[in-house]
Amino acid sequence: MGFEFATAARILFGEGVLGQVAAAAAGMGQRALVVTGASPERAAPLVRQLESAAIHCSPFPVAGEPTVDLVRGGAEYARRERCDLVVAMGGGSALDAGKALAAMLANAGDPLDYLEVIGRGQPLAHASVPFIAIPTTAGTGTEVTRNAVLASPEHRVKASLRSPSMLPRLAVVDPELTYDLPRPITASTGLDALTQLIEPYTSVRANPMTDVFCVEGIRRAAWALPRAWKNGGDSEARAGMAWASLLGGLCLANAGLGAVHGFAAPVGGMFPAPHGAVCAALLPYVMEVNVRALAARQPGRTAVLRYGEIARLLTGRPQATADHGVRWVKDLCRRLEIPTLRAYGVRETDIPDLVAKAAGASSMKGNPLVLTTEELREIISRAL
Ligand SMILES: [Zn+2]
């Protein structure tokens with residue numbers, strides 16, 4: 001038995017921990033780039049807190065998912081402002097933008113020098129400037145991962161900046177920040193969290209430590225997600241989803257993902273679809289095709305058995321089989337009103353391009369087995 005496990009240097013979790021950010025940031029820097037979503041006023045209490053601790057704040061609102069251009073421009077702005085610390089508060093987009101900016105502040109050159117797939121993929125020579133991540137959704141887990149996903153509209157794909165030195169210095173997970181999330185965001189980010197627990201559990205890189213977190217996270221999300229969706233003010237369910245999302249981040253950063261995220265990169269790059277919604281639309285079909293392919297090509301191997309275990313965690317029924325798990329996820333997507341990929345403009349004519357790009361995506365390497373072109377085509381056409 002052997003494995004490696006890395007995460008944020010410090011994690012604060014619980015209702016109200018947002019109030020501890022300034023104290024925890026002491027000594028990390030004097031001039032903070034404060035990255036937020038499109039409405040920076042949501043971070044006003046955070047800014048007041050930092051400024052009362054004598055940390056100067058330079059605001060940087062991010063509307064939509066971060067692009068290479070946004071990070072290029074943001075790094076120039078942060079250098080002009082002489083920022084030595086990045087604090088990001090928001091959904092996955094704001095957090096990934098902040099994480100990329102913290103890396104680019106410490107490394108000369110252009111994001112494309114370091115970007116996977118579409119860039120030169122050079123290793124980042126220097127550790128990021130201190131980065132504090134404060135999620136306001138329960139889904140991405142990016143507060144404890146070592147990559148930042150950037151879109152490149154001219155390449156029509158998403159790719160990652162990735163380095164162990166990009167792990168946040170501090171992750172602040174305060175479930176109260178998710179209480180007012182609207183239903184569609186609760187649904188799509190929540191299903192992203194569930195996907196980010198199921199894929200690492202069946203990944204070829206799964207390890208004993210991530211397995212523990214996956215099992216706890218899947219069980220927790222299965223219970224909490226329908227409740228948080230039905231009643232956003234259910235604090236127990238919101239805390240359950242914040243916990244599941246954090247666990248998903250711990251797992252994906254150390255065990256990798258699979259075909260859902262392999263497809264999510266090109267779909268998200270080619271169409272204006274939120275990441276969580278794309279993952280949600282794909283998850284049941286990836287599970288179904290993986291289960292069938294594993295049963296045919298690797299019967300009795302660990303991954304097959306793991307889909308049975310996932311089904312038991314999801315349904316709470318000791319006799320459940322892998323097929324019951326697939327059905328449970330399909331039913332959840334229907335209850336949570338997850339749209340199909342067609343709603344975002346994906347058409348049959350896009351399938352060959354999406355299949356080719358997905359096959360080369362970095363997340364696809366974690367899938368429990370190599371899927372054939374035919375199988376990949378089946379997944380995407382059924383998710384339309
Ligand atoms: Zn995801």
# chains A, B, ... in the order shown; residues from 1 in each chain; ligands from 1
$ closest_atom_pairs --of "chain A" --to "ligand 1" --cutoff "6 Å" --atoms "only C-alpha atoms and all ligand atoms" --output "CSV"
residue,atom,partner,partner_atom_place_in_ligand_line,distance
A:Thr140,CA,ligand 1,1 (Zn),5.7
A:Asp192,CA,ligand 1,1 (Zn),4.9
A:Gln196,CA,ligand 1,1 (Zn),5.9
$ write_last_selection --atoms "C-alpha atoms" --output "tab-separated table (two decimals), in the first residue's frame"
chain	number	residue	atom	x	y	z
A	140	THR	CA	-16.27	22.51	-7.43
A	192	ASP	CA	-20.64	18.32	-9.97
A	196	GLN	CA	-16.19	14.52	-8.31
$ residues_around --residues "Glu309 in chain A" --least-positions-apart "2" --cutoff "9 Å" --atoms "only C-alpha atoms" --output "MDAnalysis selection string"
chainID A and resid 215 305:307 311:314 318 320:322 325
$ write_last_selection --atoms "all heavy atoms" --output "CSV table (one decimal), in the first residue's frame"
chain,number,residue,atom,x,y,z
A,215,VAL,N,-16.2,7.6,-0.1
A,215,VAL,CA,-17.3,6.9,0.5
A,215,VAL,C,-18.2,7.8,1.4
A,215,VAL,O,-19.4,7.8,1.3
A,215,VAL,CB,-16.8,5.6,1.3
A,215,VAL,CG1,-17.9,5.0,2.2
A,215,VAL,CG2,-16.3,4.6,0.3
A,305,LEU,N,-16.7,-3.7,-9.0
A,305,LEU,CA,-17.3,-3.8,-7.7
A,305,LEU,C,-17.6,-2.5,-7.1
A,305,LEU,O,-18.5,-2.3,-6.3
A,305,LEU,CB,-16.3,-4.6,-6.8
A,305,LEU,CG,-15.8,-6.0,-7.4
A,305,LEU,CD1,-14.8,-6.6,-6.5
A,305,LEU,CD2,-17.0,-6.9,-7.5
A,306,ARG,N,-16.7,-1.5,-7.4
A,306,ARG,CA,-16.9,-0.2,-6.9
A,306,ARG,C,-18.2,0.5,-7.4
A,306,ARG,O,-18.8,1.2,-6.6
A,306,ARG,CB,-15.7,0.7,-7.2
A,306,ARG,CG,-14.5,0.4,-6.4
A,306,ARG,CD,-13.3,1.2,-6.6
A,306,ARG,NE,-12.3,0.7,-5.7
A,306,ARG,CZ,-11.6,1.6,-4.9
A,306,ARG,NH1,-11.8,2.9,-5.0
A,306,ARG,NH2,-10.8,1.1,-4.0
A,307,TYR,N,-18.6,0.2,-8.6
A,307,TYR,CA,-19.9,0.8,-9.0
A,307,TYR,C,-21.1,0.2,-8.2
A,307,TYR,O,-22.1,0.8,-8.0
A,307,TYR,CB,-20.1,0.5,-10.5
A,307,TYR,CG,-19.5,1.6,-11.3
A,307,TYR,CD1,-18.3,1.4,-12.0
A,307,TYR,CD2,-20.0,2.9,-11.4
A,307,TYR,CE1,-17.7,2.4,-12.8
A,307,TYR,CE2,-19.4,3.9,-12.1
A,307,TYR,CZ,-18.2,3.6,-12.8
A,307,TYR,OH,-17.7,4.6,-13.5
A,311,ALA,N,-23.6,2.3,-5.7
A,311,ALA,CA,-25.1,2.1,-5.7
A,311,ALA,C,-25.6,1.9,-4.3
A,311,ALA,O,-26.7,2.5,-4.0
A,311,ALA,CB,-25.5,0.9,-6.6
A,312,ARG,N,-24.9,1.2,-3.5
A,312,ARG,CA,-25.4,1.0,-2.1
A,312,ARG,C,-25.3,2.2,-1.3
A,312,ARG,O,-26.2,2.5,-0.5
A,312,ARG,CB,-24.6,-0.2,-1.5
A,312,ARG,CG,-24.9,-1.5,-2.1
A,312,ARG,CD,-24.2,-2.7,-1.5
A,312,ARG,NE,-22.9,-2.9,-1.9
A,312,ARG,CZ,-22.5,-3.5,-3.1
A,312,ARG,NH1,-23.5,-3.9,-3.9
A,312,ARG,NH2,-21.3,-3.6,-3.4
A,313,LEU,N,-24.2,3.0,-1.6
A,313,LEU,CA,-24.1,4.3,-0.9
A,313,LEU,C,-25.2,5.3,-1.3
A,313,LEU,O,-25.8,6.0,-0.5
A,313,LEU,CB,-22.7,5.0,-1.1
A,313,LEU,CG,-21.5,4.2,-0.6
A,313,LEU,CD1,-20.2,4.7,-1.2
A,313,LEU,CD2,-21.5,4.4,1.0
A,314,LEU,N,-25.5,5.3,-2.6
A,314,LEU,CA,-26.5,6.3,-3.1
A,314,LEU,C,-27.9,5.9,-2.6
A,314,LEU,O,-28.7,6.7,-2.2
A,314,LEU,CB,-26.5,6.3,-4.6
A,314,LEU,CG,-25.3,6.9,-5.3
A,314,LEU,CD1,-25.3,6.7,-6.8
A,314,LEU,CD2,-25.2,8.4,-4.9
A,318,PRO,N,-28.7,-2.3,0.9
A,318,PRO,CA,-27.6,-3.3,0.9
A,318,PRO,C,-27.6,-4.2,-0.3
A,318,PRO,O,-26.5,-4.7,-0.7
A,318,PRO,CB,-27.7,-4.1,2.2
A,318,PRO,CG,-29.0,-3.7,2.8
A,318,PRO,CD,-29.5,-2.5,2.1
A,320,ALA,N,-28.4,-3.3,-3.4
A,320,ALA,CA,-28.4,-2.5,-4.7
A,320,ALA,C,-27.2,-3.0,-5.6
A,320,ALA,O,-26.1,-3.3,-5.1
A,320,ALA,CB,-28.3,-1.1,-4.4
A,321,THR,N,-27.4,-3.0,-6.9
A,321,THR,CA,-26.4,-3.3,-7.8
A,321,THR,C,-26.0,-2.1,-8.6
A,321,THR,O,-26.7,-1.1,-8.5
A,321,THR,CB,-26.8,-4.4,-8.8
A,321,THR,OG1,-27.9,-3.8,-9.6
A,321,THR,CG2,-27.4,-5.6,-8.1
A,322,ALA,N,-24.9,-2.2,-9.4
A,322,ALA,CA,-24.4,-1.0,-10.2
A,322,ALA,C,-25.6,-0.4,-11.0
A,322,ALA,O,-25.6,0.8,-11.1
A,322,ALA,CB,-23.3,-1.5,-11.1
A,325,GLY,N,-27.6,2.0,-9.1
A,325,GLY,CA,-26.9,3.3,-8.9
A,325,GLY,C,-27.1,4.2,-10.1
A,325,GLY,O,-27.4,5.4,-9.9
$ residues_around --residues "Glu348 in chain A" --least-positions-apart "4" --cutoff "12 Å" --atoms "only C-alpha atoms" --output "compact mmCIF listing (two decimals) with all heavy atoms, in the first residue's frame"
# COMPACT_ATOMS: atom_id res chain seq x y z
N LEU A 341 -27.86 18.38 -22.73
CA LEU A 341 -26.84 19.24 -23.36
C LEU A 341 -27.41 20.02 -24.54
O LEU A 341 -26.88 21.06 -24.91
CB LEU A 341 -25.64 18.40 -23.81
CG LEU A 341 -24.83 17.78 -22.67
CD1 LEU A 341 -23.65 16.98 -23.23
CD2 LEU A 341 -24.33 18.84 -21.69
N ARG A 342 -28.51 19.51 -25.12
CA ARG A 342 -29.15 20.22 -26.23
C ARG A 342 -29.56 21.64 -25.82
O ARG A 342 -29.53 22.57 -26.62
CB ARG A 342 -30.38 19.42 -26.70
CG ARG A 342 -30.89 19.77 -28.07
CD ARG A 342 -32.00 18.82 -28.47
NE ARG A 342 -31.53 17.47 -28.72
CZ ARG A 342 -30.99 17.06 -29.86
NH1 ARG A 342 -30.87 17.89 -30.87
NH2 ARG A 342 -30.57 15.83 -30.03
N PRO A 352 -18.65 14.26 -33.45
CA PRO A 352 -17.30 13.79 -33.79
C PRO A 352 -16.19 14.67 -33.18
O PRO A 352 -15.22 14.15 -32.62
CB PRO A 352 -17.27 13.87 -35.32
CG PRO A 352 -18.71 13.82 -35.73
CD PRO A 352 -19.47 14.48 -34.65
N ASP A 353 -16.40 15.98 -33.23
CA ASP A 353 -15.42 16.91 -32.67
C ASP A 353 -15.29 16.74 -31.15
O ASP A 353 -14.18 16.69 -30.60
CB ASP A 353 -15.91 18.34 -33.01
CG ASP A 353 -14.78 19.35 -32.96
OD1 ASP A 353 -13.61 18.91 -32.86
OD2 ASP A 353 -15.06 20.56 -33.01
N LEU A 354 -16.45 16.62 -30.47
CA LEU A 354 -16.44 16.46 -29.02
C LEU A 354 -15.77 15.14 -28.61
O LEU A 354 -15.01 15.10 -27.65
CB LEU A 354 -17.88 16.51 -28.47
CG LEU A 354 -18.53 17.89 -28.47
CD1 LEU A 354 -20.01 17.80 -28.15
CD2 LEU A 354 -17.82 18.81 -27.45
N VAL A 355 -16.05 14.08 -29.35
CA VAL A 355 -15.46 12.77 -29.04
C VAL A 355 -13.95 12.83 -29.20
O VAL A 355 -13.19 12.36 -28.34
CB VAL A 355 -16.09 11.67 -29.93
CG1 VAL A 355 -15.27 10.38 -29.88
CG2 VAL A 355 -17.53 11.40 -29.48
N ARG A 377 -19.06 8.05 -28.29
CA ARG A 377 -20.13 8.61 -29.10
C ARG A 377 -21.50 8.33 -28.47
O ARG A 377 -22.38 9.17 -28.45
CB ARG A 377 -20.06 7.99 -30.51
CG ARG A 377 -20.77 8.77 -31.59
CD ARG A 377 -20.88 7.92 -32.85
NE ARG A 377 -19.57 7.41 -33.27
CZ ARG A 377 -18.77 8.05 -34.15
NH1 ARG A 377 -19.16 9.17 -34.67
NH2 ARG A 377 -17.61 7.52 -34.49
N GLU A 378 -21.63 7.12 -27.94
CA GLU A 378 -22.90 6.76 -27.30
C GLU A 378 -23.20 7.66 -26.08
O GLU A 378 -24.33 8.15 -25.91
CB GLU A 378 -22.88 5.29 -26.86
CG GLU A 378 -24.19 4.88 -26.18
CD GLU A 378 -24.15 3.49 -25.53
OE1 GLU A 378 -23.25 2.69 -25.86
OE2 GLU A 378 -25.05 3.23 -24.70
N ILE A 380 -22.17 10.76 -25.39
CA ILE A 380 -22.51 12.14 -25.70
C ILE A 380 -23.85 12.24 -26.43
O ILE A 380 -24.64 13.14 -26.16
CB ILE A 380 -21.35 12.85 -26.48
CG1 ILE A 380 -21.58 14.34 -26.59
CG2 ILE A 380 -21.11 12.25 -27.85
CD1 ILE A 380 -21.25 15.11 -25.36
N SER A 381 -24.14 11.25 -27.28
CA SER A 381 -25.43 11.36 -27.98
C SER A 381 -26.60 11.13 -27.03
O SER A 381 -27.66 11.75 -27.18
CB SER A 381 -25.51 10.47 -29.22
OG SER A 381 -24.99 9.22 -28.95
N ARG A 382 -26.40 10.27 -26.02
CA ARG A 382 -27.49 10.05 -25.08
C ARG A 382 -27.68 11.25 -24.12
O ARG A 382 -28.76 11.43 -23.57
CB ARG A 382 -27.26 8.77 -24.30
CG ARG A 382 -27.41 7.56 -25.24
CD ARG A 382 -27.27 6.26 -24.54
NE ARG A 382 -28.29 6.05 -23.52
CZ ARG A 382 -28.21 5.13 -22.57
NH1 ARG A 382 -27.15 4.35 -22.51
NH2 ARG A 382 -29.17 4.98 -21.69
N ALA A 383 -26.60 12.03 -23.92
CA ALA A 383 -26.71 13.19 -23.03
C ALA A 383 -27.32 14.40 -23.72
O ALA A 383 -27.57 15.42 -23.10
CB ALA A 383 -25.33 13.55 -22.48
N LEU A 384 -27.58 14.28 -25.04
CA LEU A 384 -28.14 15.43 -25.79
C LEU A 384 -29.62 15.64 -25.44
O LEU A 384 -30.35 14.71 -25.23
CB LEU A 384 -28.04 15.18 -27.31
CG LEU A 384 -26.65 15.31 -27.92
CD1 LEU A 384 -26.75 15.31 -29.45
CD2 LEU A 384 -25.93 16.56 -27.46
$ closest_residue --among "A:Arg317, A:His324, A:His126, A:His275" --to "Val291 in chain A" --atoms "only C-alpha atoms"
A:His324
$ residues_around --residues "range 156-171 of chain A" --least-positions-apart "4" --cutoff "8 Å" --atoms "only C-alpha atoms" --output "number ranges by chain"
A: 6-12, 99-100, 102-103, 111, 114-118, 123-124, 126-128, 130-134, 143-152, 265-270
